[in-house]
>>> print(open('query-v2.txt').read())   # compact mmCIF, C-alpha atoms
# COMPACT_ATOMS: atom_id res chain seq x y z
CA MET O 1 0.00 0.00 0.00
CA ARG O 2 1.29 3.40 -0.92
CA LYS O 3 2.36 5.62 1.94
CA LEU O 4 2.00 9.39 2.15
CA ALA O 5 4.26 11.74 4.02
CA PHE O 6 3.07 15.30 4.61
CA ILE O 7 5.66 17.98 5.34
CA PHE O 8 6.44 21.67 4.88
CA GLY O 9 2.95 22.98 5.46
CA LEU O 10 0.91 20.38 3.58
CA LEU O 11 -2.67 21.49 3.23
CA ALA O 12 -5.79 19.35 3.64
CA THR O 13 -6.46 16.53 1.20
CA PRO O 14 -7.93 18.15 -1.92
CA LEU O 15 -11.58 17.74 -2.80
CA GLY O 16 -12.08 18.13 -6.51
CA ALA O 17 -8.47 19.32 -6.96
CA HIS O 18 -7.32 16.74 -9.49
CA GLU O 19 -4.09 17.33 -11.37
CA LEU O 20 -3.49 16.53 -15.04
CA TRP O 21 0.07 15.62 -15.89
CA VAL O 22 2.33 14.12 -18.55
CA GLU O 23 3.99 10.97 -17.23
CA PRO O 24 6.72 9.42 -19.41
CA GLU O 25 7.18 5.69 -19.05
CA ALA O 26 10.90 6.47 -18.87
CA TYR O 27 12.39 9.90 -18.17
CA VAL O 28 15.85 8.88 -19.41
CA ILE O 29 16.16 7.10 -22.76
CA GLU O 30 18.66 6.44 -25.54
CA PRO O 31 18.42 8.44 -28.79
CA ASN O 32 17.06 5.48 -30.80
CA VAL O 33 14.19 4.75 -28.37
CA ASN O 34 10.70 6.22 -28.71
CA ILE O 35 9.45 8.64 -26.07
CA THR O 36 6.40 6.96 -24.60
CA ALA O 37 4.23 9.04 -22.28
CA ASN O 38 0.81 8.98 -20.64
CA ILE O 39 -1.62 11.81 -19.98
CA VAL O 40 -2.81 11.18 -16.43
CA ASN O 41 -5.69 12.72 -14.50
CA GLY O 42 -5.68 12.10 -10.76
CA GLN O 43 -4.05 12.99 -7.47
CA GLU O 44 -0.73 12.38 -5.75
CA PHE O 45 0.82 10.55 -8.73
CA GLU O 46 -2.10 8.10 -9.03
CA GLY O 47 -4.81 8.46 -11.61
CA THR O 48 -6.44 7.47 -14.88
CA ARG O 49 -4.38 7.26 -18.04
CA LEU O 50 -6.23 9.10 -20.78
CA PRO O 51 -6.09 7.87 -24.39
CA PHE O 52 -5.13 10.05 -27.33
CA VAL O 53 -8.31 11.97 -28.19
CA PRO O 54 -7.69 15.18 -30.20
CA ARG O 55 -11.00 16.78 -29.17
CA ARG O 56 -9.70 16.83 -25.57
CA PHE O 57 -6.70 19.04 -26.26
CA THR O 58 -5.64 22.08 -28.26
CA TYR O 59 -1.88 21.53 -28.09
CA PHE O 60 0.25 18.38 -27.78
CA VAL O 61 3.83 18.96 -28.91
CA ASN O 62 7.35 17.78 -28.16
CA PHE O 63 10.20 20.32 -28.28
CA SER O 64 13.95 20.15 -28.19
CA GLY O 65 15.58 23.57 -28.35
CA SER O 66 13.78 25.62 -30.98
CA THR O 67 12.50 22.58 -32.89
CA GLY O 68 9.12 21.05 -32.20
CA THR O 69 6.89 18.34 -33.59
CA LYS O 70 3.25 17.51 -32.97
CA VAL O 71 2.41 14.32 -31.13
CA ASP O 72 0.86 12.27 -33.91
CA SER O 73 -0.78 9.26 -32.31
CA ARG O 74 -3.86 7.40 -33.49
CA LEU O 75 -7.27 8.02 -31.97
CA GLY O 76 -7.59 5.97 -28.79
CA ASP O 77 -3.88 5.18 -28.40
CA ASN O 78 -2.94 4.59 -24.78
CA PRO O 79 -0.21 5.58 -23.94
CA ALA O 80 -1.19 8.78 -25.68
CA MET O 81 2.33 9.35 -27.02
CA SER O 82 4.91 6.97 -28.48
CA GLN O 83 7.20 8.45 -31.10
CA PRO O 84 10.85 9.34 -31.74
CA ALA O 85 12.46 12.23 -29.90
CA VAL O 86 12.80 15.54 -31.72
CA ALA O 87 16.56 15.36 -31.21
CA GLU O 88 19.16 14.09 -28.80
CA GLY O 89 19.18 16.23 -25.66
CA LEU O 90 16.49 17.59 -23.40
CA ASN O 91 13.01 17.03 -24.86
CA VAL O 92 10.05 18.99 -23.46
CA ILE O 93 6.56 17.59 -23.93
CA ALA O 94 3.75 20.15 -23.70
CA TYR O 95 0.04 19.35 -23.45
CA GLN O 96 -2.78 21.91 -23.29
CA ALA O 97 -6.22 20.50 -22.48
CA LYS O 98 -9.39 22.10 -23.78
CA ILE O 99 -11.62 23.98 -21.38
CA ALA O 100 -13.79 21.80 -19.14
CA GLU O 101 -16.28 22.69 -16.44
CA ILE O 102 -17.35 21.60 -12.99
CA THR O 103 -20.43 22.54 -10.94
CA TYR O 104 -20.05 23.22 -7.22
CA GLU O 105 -23.15 22.32 -5.25
CA THR O 106 -22.00 24.28 -2.18
CA TRP O 107 -19.72 27.24 -1.52
CA GLU O 108 -17.94 25.23 1.21
CA LYS O 109 -16.66 22.69 -1.31
CA PHE O 110 -15.35 25.45 -3.56
CA GLN O 111 -13.70 27.20 -0.60
CA ARG O 112 -11.91 23.98 0.37
CA PHE O 113 -10.48 23.90 -3.14
CA LEU O 114 -9.47 27.58 -2.91
CA ASP O 115 -7.79 26.97 0.44
CA HIS O 116 -5.87 23.99 -0.88
CA LYS O 117 -4.55 25.90 -3.87
CA ASP O 118 -3.99 29.12 -1.85
CA LEU O 119 -6.44 31.16 -3.92
CA GLY O 120 -7.95 33.18 -1.08
CA ASP O 121 -11.47 33.78 0.17
CA GLN O 122 -13.53 34.89 -2.81
CA ARG O 123 -17.04 34.68 -1.38
CA ALA O 124 -17.67 38.42 -1.03
CA ILE O 125 -16.53 39.05 -4.61
CA HIS O 126 -18.58 36.07 -5.80
CA GLU O 127 -21.75 37.42 -4.18
CA GLU O 128 -21.10 41.00 -5.35
CA ARG O 129 -20.94 39.68 -8.90
CA GLY O 130 -24.42 38.24 -8.43
CA PHE O 131 -23.66 34.53 -8.49
CA PRO O 132 -25.42 32.01 -6.22
CA THR O 133 -23.39 30.17 -3.60
CA GLU O 134 -24.90 26.84 -4.61
CA GLY O 135 -24.92 25.18 -8.00
CA PHE O 136 -22.43 27.50 -9.72
CA LYS O 137 -19.88 26.62 -12.39
CA GLU O 138 -16.13 26.87 -12.67
CA ILE O 139 -14.32 26.31 -15.96
CA TYR O 140 -10.72 25.15 -16.06
CA SER O 141 -7.90 24.39 -18.47
CA ARG O 142 -4.61 22.54 -17.97
CA TYR O 143 -1.11 23.38 -19.23
CA SER O 144 1.22 20.45 -18.58
CA LYS O 145 4.88 19.92 -19.42
CA SER O 146 7.36 17.09 -18.90
CA LEU O 147 11.15 16.97 -19.18
CA VAL O 148 12.68 13.90 -20.84
CA ALA O 149 16.42 13.18 -21.19
CA VAL O 150 17.38 11.73 -24.56
CA GLY O 151 20.98 10.55 -24.90
CA ASN O 152 23.30 13.28 -23.60
CA ALA O 153 20.25 15.23 -22.25
CA ALA O 154 21.91 18.55 -23.08
CA GLY O 155 19.78 21.64 -23.51
CA ALA O 156 17.32 23.81 -21.65
CA ASP O 157 13.61 24.38 -21.20
CA ARG O 158 12.07 27.66 -22.41
CA GLN O 159 8.79 29.50 -22.54
CA LEU O 160 6.52 27.82 -25.04
CA GLY O 161 3.83 30.49 -24.99
CA LEU O 162 1.31 28.64 -22.85
CA LEU O 163 -1.24 30.83 -21.09
CA THR O 164 0.24 29.73 -17.76
CA GLU O 165 3.48 27.81 -17.64
CA ILE O 166 6.23 26.44 -15.44
CA VAL O 167 9.66 26.81 -17.02
CA ALA O 168 12.64 24.83 -15.75
CA LEU O 169 15.69 27.03 -15.18
CA THR O 170 17.72 23.94 -14.25
CA ASN O 171 18.24 20.84 -16.38
CA PRO O 172 17.76 18.06 -13.81
CA TYR O 173 19.58 15.49 -15.96
CA VAL O 174 22.89 17.29 -16.44
CA ASP O 175 23.11 20.16 -13.92
CA ASP O 176 24.36 19.99 -10.34
CA MET O 177 21.23 19.53 -8.23
CA ALA O 178 22.88 20.15 -4.85
CA ASP O 179 21.23 23.57 -4.60
CA GLY O 180 17.86 22.35 -5.88
CA MET O 181 15.75 22.62 -9.01
CA ARG O 182 15.00 26.21 -10.06
CA VAL O 183 11.78 26.92 -11.93
CA GLN O 184 9.91 30.05 -12.97
CA LEU O 185 6.13 30.44 -13.04
CA PHE O 186 4.43 32.51 -15.75
CA TYR O 187 0.98 33.83 -16.68
CA GLN O 188 0.54 35.46 -20.08
CA THR O 189 4.36 35.29 -20.44
CA GLN O 190 4.85 37.41 -17.29
CA PRO O 191 6.38 36.04 -14.06
CA ARG O 192 3.94 35.24 -11.24
CA ALA O 193 5.38 36.56 -7.97
CA ASP O 194 4.55 35.24 -4.50
CA GLU O 195 2.46 32.32 -5.75
CA GLN O 196 2.16 28.81 -4.38
CA ILE O 197 3.74 25.84 -6.13
CA GLU O 198 2.67 22.45 -4.83
CA VAL O 199 5.36 19.78 -5.06
CA PHE O 200 4.73 16.04 -5.29
CA GLU O 201 7.86 13.97 -4.65
CA LYS O 202 7.67 10.27 -5.53
CA ALA O 203 10.26 7.73 -4.34
CA ASN O 204 11.00 4.31 -5.84
CA ASP O 205 8.76 2.62 -3.26
CA ASP O 206 5.86 4.83 -4.42
CA THR O 207 5.94 6.93 -1.27
CA VAL O 208 4.68 10.40 -2.16
CA THR O 209 5.71 13.43 -0.15
CA ILE O 210 3.77 16.64 -0.71
CA PHE O 211 4.87 20.14 0.22
CA THR O 212 4.42 23.72 -0.95
CA LEU O 213 6.77 26.55 -1.82
CA ARG O 214 6.26 30.13 -2.95
CA THR O 215 7.76 31.98 -5.87
CA ASP O 216 9.89 35.08 -5.28
CA ALA O 217 9.43 38.53 -6.80
CA ASP O 218 10.61 37.19 -10.18
CA GLY O 219 8.31 34.18 -10.12
CA ILE O 220 11.20 31.86 -9.29
CA ALA O 221 11.15 28.99 -6.80
CA THR O 222 13.90 26.55 -5.85
CA ILE O 223 12.69 22.99 -5.25
CA PRO O 224 14.77 20.85 -2.88
CA VAL O 225 15.18 17.55 -4.68
CA LYS O 226 16.56 14.06 -4.06
CA ALA O 227 18.37 11.72 -6.41
CA ASP O 228 16.33 8.92 -7.99
CA HIS O 229 13.00 10.63 -7.27
CA GLU O 230 10.20 11.71 -9.61
CA TYR O 231 8.63 15.16 -9.24
CA MET O 232 5.41 16.89 -10.19
CA LEU O 233 4.91 20.64 -9.74
CA ASP O 234 1.48 22.24 -9.83
CA ALA O 235 0.36 25.88 -9.65
CA VAL O 236 -3.19 27.16 -10.11
CA LEU O 237 -4.39 30.64 -11.09
CA LEU O 238 -7.94 31.85 -10.43
CA ARG O 239 -9.56 34.54 -12.56
CA GLU O 240 -12.94 35.78 -13.74
CA PRO O 241 -13.76 34.32 -17.15
CA SER O 242 -14.00 36.64 -20.13
CA GLU O 243 -17.41 38.04 -20.95
CA ALA O 244 -17.65 35.81 -24.02
CA ILE O 245 -16.76 32.62 -22.13
CA ALA O 246 -19.00 33.56 -19.22
CA ALA O 247 -21.92 34.15 -21.59
CA ASP O 248 -21.27 30.85 -23.36
CA THR O 249 -20.78 28.69 -20.26
CA GLY O 250 -22.45 30.56 -17.40
CA ALA O 251 -19.28 30.04 -15.36
CA ALA O 252 -18.56 32.21 -12.33
CA TRP O 253 -14.85 31.42 -12.17
CA GLU O 254 -12.00 30.15 -14.31
CA THR O 255 -8.88 28.32 -13.16
CA LEU O 256 -5.67 27.79 -15.13
CA TRP O 257 -3.44 24.90 -14.03
CA ALA O 258 0.31 24.86 -14.74
CA ASN O 259 2.02 21.50 -14.24
CA MET O 260 5.47 20.02 -14.79
CA THR O 261 6.96 16.56 -14.30
CA PHE O 262 10.61 15.46 -14.27
CA MET O 263 12.92 13.17 -12.41
CA VAL O 264 16.32 13.51 -10.80
CA PRO O 265 18.60 10.60 -11.79
>>> encode(input="query-v2.txt", output="structure tokens")
Amino acid sequence: MRKLAFIFGLLATPLGAHELWVEPEAYVIEPNVNITANIVNGQEFEGTRLPFVPRRFTYFVNFSGSTGTKVDSRLGDNPAMSQPAVAEGLNVIAYQAKIAEITYETWEKFQRFLDHKDLGDQRAIHEERGFPTEGFKEIYSRYSKSLVAVGNAAGADRQLGLLTEIVALTNPYVDDMADGMRVQLFYQTQPRADEQIEVFEKANDDTVTIFTLRTDADGIATIPVKADHEYMLDAVLLREPSEAIAADTGAAWETLWANMTFMVP
């Protein structure tokens, strides 16, 4: 049975706060081996592996440096990705899910989600905007990345233009990790200062440790990491939906989820 360790200010177990992440079957591969990766929806590194269904996403690409290629699987393929690397070096898989929606039957359930993701108390604003506190909608979209080492693993992550995005400032496969893994959080290409990043740390025995950190004034956070562990980073942004989206969906709120997975050899 999987064990959970909670440290560094772990918040309550999320209700409705399911992550969506890219999970390679191997984070370190040789140049002549396909990158095979799953799209997973769940919590704490356990979840459902989603098949390749183009109507579920708007963007599914693998980059190495300035070169990118679309993930070109067949409908229903699971794993959702299995194809050659773009090039030897660091490959960055990026997946943007289409907008989905959820209905909250009570304000309390929504507030538990807000507390978990450090999004504040929004009830007064919610009521001032004329929305009910029962049976209201939230829409959400996911922006997930994964770092895969191919051959020499040389190279660096970069901004890919996602609406919200975590960018690795450290290459975990070739850089010295003694001082941690540095990442930068963005929204509309601008750094997000003083925001929470939730860290999921998975050991070989499937123990998952969860803790949170905050970005600095430049949107940068340094993640303490351990060798031979897998990591998932998650950061959520809450905003009011645009007038057009609100009119189309009736949603009161919109959340944007930035996610990144990698491992430390």
>>> residues_around(input="query-v2.txt", residues="O:Phe57", least_positions_apart="4", cutoff="12 Å", atoms="only C-alpha atoms", output="list in words")
Leu20, Ile39, Leu50, Pro51, Phe52, Val53, Val61, Val71, Ala80, Ala94, Tyr95, Gln96, Ala97, Lys98, Ile99, Ala100, Ser141, Arg142, Tyr143 and Ser144 of chain O
>>> closest_atom_pairs(input="query-v2.txt", of="stretch 46-116 of chain O", to="stretch 159-176 of chain O", cutoff="12 Å", atoms="only C-alpha atoms", output="JSON lines")
{"residue": "O:Thr58", "atom": "CA", "partner": "O:Leu162", "partner_atom": "CA", "distance": 11.0}
{"residue": "O:Tyr59", "atom": "CA", "partner": "O:Leu162", "partner_atom": "CA", "distance": 9.4}
{"residue": "O:Phe60", "atom": "CA", "partner": "O:Leu162", "partner_atom": "CA", "distance": 11.4}
{"residue": "O:Val61", "atom": "CA", "partner": "O:Leu160", "partner_atom": "CA", "distance": 10.0}
{"residue": "O:Asn62", "atom": "CA", "partner": "O:Leu160", "partner_atom": "CA", "distance": 10.5}
{"residue": "O:Phe63", "atom": "CA", "partner": "O:Leu160", "partner_atom": "CA", "distance": 9.0}
{"residue": "O:Ser64", "atom": "CA", "partner": "O:Leu160", "partner_atom": "CA", "distance": 11.1}
{"residue": "O:Gly65", "atom": "CA", "partner": "O:Leu160", "partner_atom": "CA", "distance": 10.5}
{"residue": "O:Ser66", "atom": "CA", "partner": "O:Leu160", "partner_atom": "CA", "distance": 9.6}
{"residue": "O:Thr67", "atom": "CA", "partner": "O:Leu160", "partner_atom": "CA", "distance": 11.2}
{"residue": "O:Gly68", "atom": "CA", "partner": "O:Leu160", "partner_atom": "CA", "distance": 10.2}
{"residue": "O:Gly89", "atom": "CA", "partner": "O:Tyr173", "partner_atom": "CA", "distance": 9.7}
{"residue": "O:Leu90", "atom": "CA", "partner": "O:Asn171", "partner_atom": "CA", "distance": 7.9}
{"residue": "O:Asn91", "atom": "CA", "partner": "O:Asn171", "partner_atom": "CA", "distance": 10.7}
{"residue": "O:Val92", "atom": "CA", "partner": "O:Leu160", "partner_atom": "CA", "distance": 9.6}
{"residue": "O:Ile93", "atom": "CA", "partner": "O:Leu160", "partner_atom": "CA", "distance": 10.3}
{"residue": "O:Ala94", "atom": "CA", "partner": "O:Leu160", "partner_atom": "CA", "distance": 8.3}
{"residue": "O:Tyr95", "atom": "CA", "partner": "O:Leu162", "partner_atom": "CA", "distance": 9.4}
{"residue": "O:Gln96", "atom": "CA", "partner": "O:Leu162", "partner_atom": "CA", "distance": 7.9}
{"residue": "O:Ala97", "atom": "CA", "partner": "O:Leu162", "partner_atom": "CA", "distance": 11.1}
>>> atom_distance(input="query-v2.txt", atom1="atom CA of O:Trp21", atom2="atom CA of O:Ile245")
24.7 Å
>>> closest_residue(input="query-v2.txt", among="O:Glu243, O:Glu138, O:Glu230, O:Glu105", to="O:Asp206", atoms="all atoms listed in the file")
O:Glu230
>>> atom_distance(input="query-v2.txt", atom1="atom CA of O:Thr48", atom2="atom CA of O:Glu19")
10.7 Å
>>> closest_residue(input="query-v2.txt", among="O:Phe131, O:Val208, O:Ile139, O:Val264", to="O:Gln43", atoms="only C-alpha atoms")
O:Val208
>>> closest_residue(input="query-v2.txt", among="O:Asn32, O:Thr215, O:Gln111, O:Thr209", to="O:Arg192", atoms="all atoms listed in the file")
O:Thr215
>>> closest_residue(input="query-v2.txt", among="O:Pro224, O:Ala149, O:Met181, O:Ala251", to="O:Ala87", atoms="all atoms listed in the file")
O:Ala149
>>> residues_around(input="query-v2.txt", residues="O:Trp253", least_positions_apart="5", cutoff="9 Å", atoms="only C-alpha atoms", output="CSV table (one decimal) with C-alpha atoms, in the coordinates of the input")
chain,number,residue,atom,x,y,z
O,126,HIS,CA,-18.6,36.1,-5.8
O,136,PHE,CA,-22.4,27.5,-9.7
O,137,LYS,CA,-19.9,26.6,-12.4
O,138,GLU,CA,-16.1,26.9,-12.7
O,139,ILE,CA,-14.3,26.3,-16.0
O,140,TYR,CA,-10.7,25.2,-16.1
O,238,LEU,CA,-7.9,31.8,-10.4
O,239,ARG,CA,-9.6,34.5,-12.6
O,240,GLU,CA,-12.9,35.8,-13.7
O,241,PRO,CA,-13.8,34.3,-17.2
O,246,ALA,CA,-19.0,33.6,-19.2
>>> axis_aligned_box(input="query-v2.txt", around="stretch 58-77 of chain O", padding_each_side="4 Å", output="AutoDock Vina command-line options")
--center_x 4.0 --center_y 15.4 --center_z -30.8 --size_x 31.2 --size_y 28.4 --size_z 14.1
>>> atom_distance(input="query-v2.txt", atom1="atom CA of O:Tyr231", atom2="atom CA of O:Val199")
7.0 Å
>>> closest_residue(input="query-v2.txt", among="O:Tyr104, O:Phe262, O:Phe186, O:Phe110", to="O:Ala221", atoms="only C-alpha atoms")
O:Phe186
>>> build_atoms(input="query-v2.txt", residues="stretch 207-228 of chain O", atoms="N, CA, C and O atoms", output="compact mmCIF listing (two decimals), in the frame of the given file")
# COMPACT_ATOMS: atom_id res chain seq x y z
N THR O 207 6.26 5.94 -2.28
CA THR O 207 5.94 6.93 -1.27
C THR O 207 5.87 8.31 -1.91
O THR O 207 6.76 8.69 -2.68
N VAL O 208 4.83 9.05 -1.61
CA VAL O 208 4.68 10.40 -2.16
C VAL O 208 4.69 11.41 -1.03
O VAL O 208 3.89 11.33 -0.10
N THR O 209 5.62 12.33 -1.11
CA THR O 209 5.71 13.43 -0.15
C THR O 209 5.20 14.69 -0.83
O THR O 209 5.56 14.97 -1.96
N ILE O 210 4.38 15.45 -0.13
CA ILE O 210 3.77 16.64 -0.71
C ILE O 210 4.12 17.85 0.14
O ILE O 210 3.95 17.82 1.36
N PHE O 211 4.60 18.91 -0.50
CA PHE O 211 4.87 20.14 0.22
C PHE O 211 4.66 21.33 -0.71
O PHE O 211 4.47 21.15 -1.92
N THR O 212 4.64 22.52 -0.15
CA THR O 212 4.42 23.72 -0.95
C THR O 212 5.56 24.71 -0.76
O THR O 212 6.18 24.78 0.29
N LEU O 213 5.80 25.47 -1.82
CA LEU O 213 6.77 26.55 -1.82
C LEU O 213 6.13 27.78 -2.46
O LEU O 213 5.08 27.67 -3.10
N ARG O 214 6.77 28.93 -2.32
CA ARG O 214 6.26 30.13 -2.95
C ARG O 214 7.32 30.72 -3.89
O ARG O 214 8.53 30.61 -3.62
N THR O 215 6.85 31.31 -4.95
CA THR O 215 7.76 31.98 -5.87
C THR O 215 8.22 33.31 -5.29
O THR O 215 7.53 33.92 -4.46
N ASP O 216 9.37 33.78 -5.74
CA ASP O 216 9.89 35.08 -5.28
C ASP O 216 9.34 36.20 -6.17
O ASP O 216 8.41 35.99 -6.97
N ALA O 217 9.92 37.37 -6.06
CA ALA O 217 9.43 38.53 -6.80
C ALA O 217 9.55 38.36 -8.31
O ALA O 217 8.85 39.03 -9.08
N ASP O 218 10.43 37.46 -8.75
CA ASP O 218 10.61 37.19 -10.18
C ASP O 218 9.89 35.94 -10.62
O ASP O 218 10.12 35.45 -11.74
N GLY O 219 9.04 35.40 -9.76
CA GLY O 219 8.31 34.18 -10.12
C GLY O 219 9.14 32.91 -10.03
O GLY O 219 8.72 31.87 -10.55
N ILE O 220 10.27 32.99 -9.35
CA ILE O 220 11.20 31.86 -9.29
C ILE O 220 11.08 31.14 -7.95
O ILE O 220 10.94 31.77 -6.90
N ALA O 221 11.12 29.82 -8.00
CA ALA O 221 11.15 28.99 -6.80
C ALA O 221 12.25 27.94 -6.96
O ALA O 221 12.54 27.49 -8.07
N THR O 222 12.87 27.59 -5.85
CA THR O 222 13.90 26.55 -5.85
C THR O 222 13.36 25.34 -5.10
O THR O 222 13.02 25.43 -3.93
N ILE O 223 13.27 24.21 -5.81
CA ILE O 223 12.69 22.99 -5.25
C ILE O 223 13.80 22.12 -4.69
O ILE O 223 14.71 21.71 -5.43
N PRO O 224 13.79 21.82 -3.39
CA PRO O 224 14.77 20.85 -2.88
C PRO O 224 14.45 19.47 -3.43
O PRO O 224 13.30 19.02 -3.38
N VAL O 225 15.44 18.82 -4.01
CA VAL O 225 15.18 17.55 -4.68
C VAL O 225 16.15 16.47 -4.19
O VAL O 225 17.21 16.76 -3.63
N LYS O 226 15.77 15.22 -4.43
CA LYS O 226 16.56 14.06 -4.06
C LYS O 226 16.84 13.22 -5.29
O LYS O 226 16.01 13.13 -6.20
N ALA O 227 18.01 12.58 -5.29
CA ALA O 227 18.37 11.72 -6.41
C ALA O 227 17.41 10.53 -6.49
O ALA O 227 16.90 10.04 -5.48
N ASP O 228 17.16 10.09 -7.72
CA ASP O 228 16.33 8.92 -7.99
C ASP O 228 14.89 9.11 -7.50
O ASP O 228 14.25 8.17 -7.03
